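See below for work.txt, which holds compact mmCIF, C-alpha atoms.
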```
# COMPACT_ATOMS: atom_id res chain seq x y z
CA MET A 1 88.53 127.03 93.01
CA THR A 2 89.51 124.86 95.93
CA ASP A 3 93.08 124.33 97.03
CA SER A 4 92.60 120.54 96.99
CA PRO A 5 94.93 119.18 94.33
CA ALA A 6 93.33 117.23 91.50
CA GLY A 7 96.44 115.09 91.42
CA GLU A 8 96.44 114.01 95.09
CA GLY A 9 96.36 110.22 95.22
CA LEU A 10 97.52 110.06 91.60
CA ARG A 11 99.47 106.99 90.53
CA ARG A 12 102.65 107.88 88.69
CA SER A 13 103.37 106.87 85.10
CA ALA A 14 106.97 105.98 84.42
CA GLN A 15 107.06 106.59 80.66
CA GLY A 16 103.72 108.08 79.71
CA LEU A 17 102.10 107.61 76.30
CA CYS A 18 104.27 107.13 73.22
CA ALA A 19 102.98 106.80 69.64
CA ARG A 20 105.09 106.16 66.56
CA GLY A 21 104.12 106.10 62.89
CA LEU A 22 100.37 105.92 63.52
CA THR A 23 98.32 105.69 60.35
CA LEU A 24 94.54 105.51 60.70
CA ALA A 25 91.76 105.19 58.14
CA ALA A 26 87.99 104.84 57.99
CA ALA A 27 85.63 104.19 55.06
CA GLY A 28 88.59 104.12 52.70
CA ALA A 29 89.87 107.57 53.72
CA THR A 30 93.19 108.09 55.51
CA LEU A 31 92.53 110.21 58.59
CA VAL A 32 95.99 110.24 60.19
CA GLN A 33 99.28 109.60 58.42
CA GLY A 34 102.50 108.57 60.15
CA ALA A 35 101.93 110.42 63.42
CA THR A 36 104.60 110.28 66.11
CA PHE A 37 104.39 112.00 69.48
CA ARG A 38 104.93 111.53 73.19
CA LEU A 39 103.06 112.56 76.34
CA ARG A 40 105.20 112.52 79.47
CA PRO A 41 104.19 112.84 83.12
CA GLY A 42 104.34 116.43 84.35
CA GLU A 43 103.47 118.13 81.05
CA LEU A 44 100.36 119.61 79.48
CA VAL A 45 100.34 119.14 75.71
CA VAL A 46 97.76 120.87 73.51
CA LEU A 47 96.80 119.49 70.11
CA LEU A 48 95.87 122.20 67.59
CA GLY A 49 94.57 122.15 64.04
CA PRO A 50 91.59 123.04 61.85
CA ASN A 51 88.39 121.01 61.68
CA GLY A 52 89.03 117.74 59.90
CA ALA A 53 92.77 117.74 60.63
CA GLY A 54 92.55 114.31 62.31
CA LYS A 55 92.88 115.39 65.94
CA THR A 56 90.11 113.21 67.39
CA SER A 57 91.18 110.25 65.27
CA LEU A 58 94.75 110.64 66.52
CA LEU A 59 93.61 110.61 70.14
CA ARG A 60 91.38 107.57 69.63
CA GLY A 61 94.02 105.68 67.69
CA ALA A 62 96.70 106.45 70.25
CA ILE A 63 94.66 105.12 73.17
CA GLY A 64 93.53 101.98 71.38
CA LEU A 65 89.94 102.91 70.56
CA MET A 66 90.40 102.97 66.77
CA PRO A 67 92.04 100.36 64.50
CA ARG A 68 95.42 101.25 63.04
CA LEU A 69 96.72 100.61 59.55
CA SER A 70 100.27 100.86 60.82
CA GLY A 71 102.35 102.15 63.70
CA TRP A 72 101.98 101.61 67.42
CA ALA A 73 101.10 103.37 70.66
CA ARG A 74 102.12 102.31 74.16
CA ILE A 75 101.54 103.34 77.73
CA ASP A 76 104.56 102.52 79.85
CA GLY A 77 105.62 99.98 77.23
CA GLN A 78 102.21 98.28 76.84
CA ASP A 79 100.36 98.41 73.52
CA THR A 80 97.16 100.40 74.13
CA ALA A 81 95.23 98.39 71.52
CA ARG A 82 95.89 95.18 73.45
CA MET A 83 95.09 96.46 76.91
CA ALA A 84 91.88 95.31 78.57
CA PRO A 85 89.46 98.26 78.85
CA ARG A 86 89.51 98.20 82.64
CA HIS A 87 93.30 98.11 82.74
CA ARG A 88 93.56 100.91 80.19
CA ALA A 89 91.12 103.01 82.21
CA ARG A 90 93.44 102.73 85.20
CA ARG A 91 96.32 104.12 83.13
CA LEU A 92 94.50 106.96 81.42
CA ALA A 93 91.29 108.93 81.80
CA TYR A 94 89.59 109.88 78.52
CA LEU A 95 87.20 112.79 78.04
CA PRO A 96 85.68 112.36 74.57
CA GLN A 97 84.43 115.22 72.46
CA ASN A 98 80.79 114.29 73.03
CA ARG A 99 79.97 113.79 76.70
CA PRO A 100 76.18 113.42 76.99
CA LEU A 101 74.67 112.46 80.32
CA ALA A 102 72.13 109.85 79.28
CA TRP A 103 69.99 110.39 82.38
CA SER A 104 69.87 112.65 85.40
CA ASN A 105 71.88 111.47 88.39
CA PRO A 106 73.32 113.12 91.46
CA VAL A 107 76.69 114.71 90.79
CA ARG A 108 78.45 112.40 93.25
CA ASP A 109 77.15 109.32 91.39
CA VAL A 110 78.39 110.63 88.04
CA VAL A 111 81.83 111.36 89.50
CA ALA A 112 81.85 107.88 91.04
CA LEU A 113 81.68 106.38 87.54
CA GLY A 114 85.38 107.17 87.38
CA ARG A 115 86.00 104.40 89.92
CA PHE A 116 84.37 101.61 87.89
CA SER A 117 87.74 100.52 86.52
CA HIS A 118 88.71 99.82 90.14
CA GLY A 119 85.68 97.57 90.66
CA ALA A 120 83.65 100.10 92.63
CA ALA A 121 79.86 99.71 92.69
CA LEU A 122 77.64 102.76 92.34
CA GLY A 123 76.06 103.69 95.67
CA ARG A 124 78.41 101.43 97.64
CA LEU A 125 81.68 103.34 97.64
CA ARG A 126 84.05 102.46 100.43
CA GLY A 127 87.60 103.10 101.49
CA THR A 128 89.92 104.32 98.75
CA ASP A 129 87.08 104.62 96.22
CA ARG A 130 85.11 106.99 98.42
CA GLN A 131 88.24 109.00 99.22
CA ALA A 132 89.10 109.33 95.52
CA VAL A 133 85.60 110.59 94.70
CA GLU A 134 85.69 113.10 97.54
CA ARG A 135 89.12 114.34 96.41
CA ALA A 136 87.83 114.79 92.87
CA LEU A 137 84.73 116.67 94.06
CA ALA A 138 86.89 118.96 96.18
CA ALA A 139 89.43 119.55 93.41
CA CYS A 140 86.67 120.62 91.02
CA ASP A 141 84.83 122.72 93.62
CA LEU A 142 81.74 120.52 93.45
CA GLU A 143 81.25 119.60 97.10
CA ARG A 144 78.21 121.82 97.57
CA LEU A 145 76.69 120.41 94.36
CA ALA A 146 77.41 116.73 95.14
CA GLY A 147 73.76 115.91 95.87
CA ARG A 148 72.31 117.93 93.01
CA SER A 149 70.89 116.36 89.87
CA THR A 150 73.07 116.91 86.81
CA ALA A 151 69.92 118.11 85.01
CA THR A 152 69.97 121.27 87.14
CA LEU A 153 73.57 122.26 86.36
CA SER A 154 74.92 124.93 84.07
CA GLY A 155 77.25 124.09 81.19
CA GLY A 156 80.27 125.15 83.22
CA GLU A 157 79.21 123.05 86.19
CA ARG A 158 78.66 120.00 83.98
CA ALA A 159 82.13 120.49 82.49
CA ARG A 160 83.61 120.38 85.99
CA VAL A 161 81.60 117.21 86.73
CA HIS A 162 83.16 115.51 83.71
CA CYS A 163 86.61 116.61 84.85
CA ALA A 164 85.92 115.29 88.34
CA ARG A 165 84.78 111.95 86.90
CA ALA A 166 88.11 111.70 85.05
CA PHE A 167 90.13 112.77 88.08
CA ALA A 168 88.34 110.23 90.31
CA ALA A 169 90.03 107.43 88.39
CA GLU A 170 93.36 108.80 89.64
CA ALA A 171 94.95 107.59 86.41
CA PRO A 172 98.36 109.06 85.63
CA LEU A 173 97.34 110.34 82.18
CA LEU A 174 94.43 112.48 80.99
CA ILE A 175 93.31 112.67 77.33
CA ALA A 176 90.73 115.43 76.80
CA ASP A 177 89.07 116.15 73.45
CA GLU A 178 87.85 119.77 73.45
CA PRO A 179 87.30 119.97 77.22
CA VAL A 180 86.28 123.65 77.04
CA ALA A 181 83.97 123.49 74.01
CA GLU A 182 80.92 125.75 74.31
CA LEU A 183 82.08 127.25 77.62
CA ASP A 184 82.35 130.98 78.27
CA PRO A 185 85.87 132.39 78.87
CA HIS A 186 85.55 132.26 82.67
CA HIS A 187 84.70 128.56 82.68
CA GLN A 188 87.31 127.82 80.03
CA PHE A 189 89.92 129.17 82.42
CA ARG A 190 88.48 127.18 85.32
CA VAL A 191 88.59 123.89 83.43
CA MET A 192 92.09 124.54 82.12
CA ASP A 193 93.21 125.47 85.64
CA LEU A 194 91.96 122.06 86.80
CA ILE A 195 93.94 120.30 84.09
CA ARG A 196 97.00 122.42 84.85
CA ASP A 197 96.70 121.48 88.53
CA PHE A 198 96.46 117.80 87.60
CA VAL A 199 99.73 118.15 85.68
CA HIS A 200 101.37 120.12 88.48
CA HIS A 201 100.83 117.15 90.78
CA GLY A 202 102.50 114.67 88.43
CA GLY A 203 99.92 113.80 85.78
CA GLY A 204 100.36 114.06 82.03
CA ALA A 205 97.59 115.71 79.99
CA LEU A 206 96.90 115.93 76.26
CA ALA A 207 94.03 118.22 75.28
CA VAL A 208 92.52 119.32 71.99
CA LEU A 209 91.76 123.05 71.87
CA HIS A 210 90.62 125.46 69.17
CA ASP A 211 91.61 128.63 71.02
CA VAL A 212 95.26 129.27 70.18
CA ALA A 213 95.60 131.99 72.81
CA LEU A 214 94.28 129.63 75.49
CA ALA A 215 96.70 126.96 74.31
CA ARG A 216 99.57 129.46 74.48
CA ARG A 217 98.61 130.33 78.05
CA TYR A 218 98.52 126.77 79.41
CA ALA A 219 100.54 124.40 77.23
CA ASP A 220 104.05 123.18 77.85
CA ARG A 221 104.08 121.85 74.28
CA LEU A 222 101.96 122.36 71.19
CA ILE A 223 101.32 119.67 68.59
CA TRP A 224 100.10 121.15 65.30
CA MET A 225 98.12 119.06 62.79
CA LYS A 226 96.94 119.66 59.26
CA GLY A 227 95.62 117.22 56.69
CA GLY A 228 96.06 114.23 58.96
CA ARG A 229 99.73 114.91 59.64
CA ILE A 230 101.65 116.37 62.56
CA VAL A 231 103.53 119.33 61.11
CA ALA A 232 105.14 120.68 64.29
CA ASP A 233 105.67 119.64 67.90
CA GLY A 234 107.40 121.79 70.50
CA PRO A 235 107.13 124.56 73.09
CA PRO A 236 104.86 127.50 72.24
CA ALA A 237 107.83 129.85 72.01
CA GLU A 238 109.32 127.67 69.26
CA THR A 239 106.25 126.60 67.27
CA LEU A 240 103.71 129.43 67.57
CA SER A 241 104.27 132.12 64.96
CA VAL A 242 102.47 134.25 62.41
CA SER A 243 103.62 131.92 59.65
CA ARG A 244 102.35 128.88 61.60
CA LEU A 245 98.89 130.42 61.98
CA ALA A 246 98.84 131.06 58.24
CA GLU A 247 100.02 127.51 57.46
CA ILE A 248 97.57 125.73 59.77
CA TYR A 249 94.48 127.94 59.75
CA ALA A 250 94.91 130.12 56.63
CA VAL A 251 94.46 133.27 58.73
CA ARG A 252 96.41 136.42 59.33
CA GLY A 253 97.48 136.63 62.94
CA ARG A 254 99.64 138.52 65.38
CA VAL A 255 101.88 136.95 68.01
CA GLU A 256 103.46 139.30 70.53
CA GLY A 257 104.92 137.57 73.58
CA ASP A 258 102.01 135.85 75.32
CA ARG A 259 99.42 137.60 73.16
CA VAL A 260 97.87 135.89 70.15
CA GLU A 261 95.34 137.63 67.90
CA MET A 262 93.53 136.41 64.81
CA GLU A 263 93.02 139.22 62.31
CA GLY A 264 91.14 137.52 59.48
CA PRO A 265 91.39 135.00 56.66
CA LEU A 266 94.20 135.07 54.14
```

As structure tokens, what does this structure read like?
Amino acid sequence: MTDSPAGEGLRRSAQGLCARGLTLAAAGATLVQGATFRLRPGELVVLLGPNGAGKTSLLRGAIGLMPRLSGWARIDGQDTARMAPRHRARRLAYLPQNRPLAWSNPVRDVVALGRFSHGAALGRLRGTDRQAVERALAACDLERLAGRSTATLSGGERARVHCARAFAAEAPLLIADEPVAELDPHHQFRVMDLIRDFVHHGGGALAVLHDVALARRYADRLIWMKGGRIVADGPPAETLSVSRLAEIYAVRGRVEGDRVEMEGPL
């Protein structure tokens, strides 16, 4: 991976993202109940929980992409649900769970999509927009692939393209829903290293992961969800335990220092 920092050129966020009492529902079912959390600049927070725990709904509700029954969420004091999409995109970059590329384009053009919130036009990047795209390509080690069609890339390379697109916005916050899904261990580490580097240079990142050991390795804080509720929020050393694995995932596990092992269902 290149030494170019993903966070170079990053605008700082004074307060980050704060959500309080979020309750979300769809089709008559409550998906998230009374969720409260905070994402501050300079920290990498990992959201953990079983399938159906409400993780994606919590992310979408917190950033204003899903209606709320109650509660609020703000970025630097501004309600995310009332922010214009372009303004919101300048404050946070969002990597959704499903990230299809609808058609084949050169890598550089896909990364340049991250500058649309700044008014950039595809194929006519100039000044700060071009510099931001080049920084993102360098940070994600994609310079030699910049002219390649995305249709020719491996899964790991496409994952780095999506990260670069998010980084190109140079927003102070990154919200990533399963950014390492379907990647082999090597590429999982590479993507998480990119997110860690983004945080090291002043950004704040919230990512959904299913690999508890990977979360333990990278996270400053862990948020644990089950049944639509946040049941714990704190540093790995304080919230990751054998009893927590049993409570959240109904599995027997072993936690020894930095090592986490799943041993089977209860």

Top pick for closest residue to A:Ala219, considering A:Pro85, A:Gly21, A:Gly42, A:Gly28 and counting all atoms listed in the file: A:Gly42

Long-range neighbours of stretch 100-115 of chain A as a ChimeraX atom specification, 10 Å cut-off, all atoms listed in the file, 2 positions minimum in chain: /A:89-90,93,96-98,117-125,128-130,132-134,136-137,142-153,157-158,160-171

Residue nearest A:Ala232 - candidates A:Thr36, A:Pro41, A:Arg135, A:Arg60, atoms counted: all atoms listed in the file: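 Using all atoms listed in the file, A:Ala232 sits closest to A:Thr36.
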
Distance in Å - atom CA of A:Leu214 versus atom CA of A:Ala176: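 Atom CA of A:Leu214 sits 14.7 Å away from atom CA of A:Ala176.
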
Spatial neighbours of A:Lys226, max dist 12 Å, only C-alpha atoms, sep filter under 6 positions, as a ChimeraX atom specification: /A:31-33,35,47-55,58,232,244-250

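Counting all atoms listed in the file, A:Ser70 has the following residues at most 6 Å away, ignoring those fewer than 2 positions along the same chain: Leu22, Thr23 and Arg68 of chain A.
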
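Each of A:Ala19, A:Ala26, A:Ala213, A:Val251 was checked against A:Pro185 using all atoms listed in the file; the smallest atom-to-atom distance is that of A:Ala213.
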
Contacts of A:Arg196 at 12 Å (all atoms listed in the file; same-chain gap of 3+ positions) as a ChimeraX atom specification: /A:5-7,42-46,139,163,174,189-193,199-207,215,217-220

Could you turn the residues from that selection into a file that holds C-alpha atoms, as a short mmCIF file (atom, residue, chain, number, x, y, z; two decimals), keeping the file's coordinate frame?
```
data_model
loop_
_atom_site.label_atom_id
_atom_site.label_comp_id
_atom_site.auth_asym_id
_atom_site.auth_seq_id
_atom_site.Cartn_x
_atom_site.Cartn_y
_atom_site.Cartn_z
CA PRO A 5 94.93 119.18 94.33
CA ALA A 6 93.33 117.23 91.50
CA GLY A 7 96.44 115.09 91.42
CA GLY A 42 104.34 116.43 84.35
CA GLU A 43 103.47 118.13 81.05
CA LEU A 44 100.36 119.61 79.48
CA VAL A 45 100.34 119.14 75.71
CA VAL A 46 97.76 120.87 73.51
CA ALA A 139 89.43 119.55 93.41
CA CYS A 163 86.61 116.61 84.85
CA LEU A 174 94.43 112.48 80.99
CA PHE A 189 89.92 129.17 82.42
CA ARG A 190 88.48 127.18 85.32
CA VAL A 191 88.59 123.89 83.43
CA MET A 192 92.09 124.54 82.12
CA ASP A 193 93.21 125.47 85.64
CA VAL A 199 99.73 118.15 85.68
CA HIS A 200 101.37 120.12 88.48
CA HIS A 201 100.83 117.15 90.78
CA GLY A 202 102.50 114.67 88.43
CA GLY A 203 99.92 113.80 85.78
CA GLY A 204 100.36 114.06 82.03
CA ALA A 205 97.59 115.71 79.99
CA LEU A 206 96.90 115.93 76.26
CA ALA A 207 94.03 118.22 75.28
CA ALA A 215 96.70 126.96 74.31
CA ARG A 217 98.61 130.33 78.05
CA TYR A 218 98.52 126.77 79.41
CA ALA A 219 100.54 124.40 77.23
CA ASP A 220 104.05 123.18 77.85
#
```

Exercise: A:Met262 partners within 8 Å, all atoms listed in the file, chain neighbours under 6 positions left out, as a count of residues only: 4

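Between atom CA of A:Gly155 and atom CA of A:Leu65 the separation is 26.9 Å.
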
Protein, DNA and RNA residues within 10 Å of (103.2, 136.5, 75.7), all atoms listed in the file, as JSON, numbers by chain: {"A": [213, 216, 217, 236, 237, 255, 256, 257, 258, 259, 260]}

C-alpha atoms of the current selection, written as a PDB file, keeping the file's coordinate frame:
```pdb
ATOM      1  CA  ALA A 213      95.600 131.990  72.810  1.00  0.00           C
ATOM      2  CA  ARG A 216      99.570 129.460  74.480  1.00  0.00           C
ATOM      3  CA  ARG A 217      98.610 130.330  78.050  1.00  0.00           C
ATOM      4  CA  PRO A 236     104.860 127.500  72.240  1.00  0.00           C
ATOM      5  CA  ALA A 237     107.830 129.850  72.010  1.00  0.00           C
ATOM      6  CA  VAL A 255     101.880 136.950  68.010  1.00  0.00           C
ATOM      7  CA  GLU A 256     103.460 139.300  70.530  1.00  0.00           C
ATOM      8  CA  GLY A 257     104.920 137.570  73.580  1.00  0.00           C
ATOM      9  CA  ASP A 258     102.010 135.850  75.320  1.00  0.00           C
ATOM     10  CA  ARG A 259      99.420 137.600  73.160  1.00  0.00           C
ATOM     11  CA  VAL A 260      97.870 135.890  70.150  1.00  0.00           C
TER      12      VAL A 260
END
```

Residue with smallest distance to A:Leu194 - pool A:Leu222, A:Cys140, A:Ser154, A:Ala73, counting only C-alpha atoms: A:Cys140

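One distance worth recording is that between atom CA of A:Pro235 and atom CA of A:Phe37, which is 13.4 Å.
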
Nearest candidate to A:Glu178 (options A:Ile195, A:Leu95, A:Leu69, A:Ala62; using only C-alpha atoms):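 That would be A:Leu95, the residue with the smallest distance to A:Glu178.
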
Emit as AutoDock Vina command-line options the padded axis-aligned box for all listed atoms of stretch 17-35 of chain A, 5 Å per side, with centre and edge lengths in Å to one decimal.
```
--center_x 95.4 --center_y 107.3 --center_z 64.5 --size_x 29.5 --size_y 16.3 --size_z 33.6
```

Nearest candidate to A:Glu182 (options A:Arg229, A:Asp197, A:Ala81, A:Ala159; using only C-alpha atoms): A:Ala159
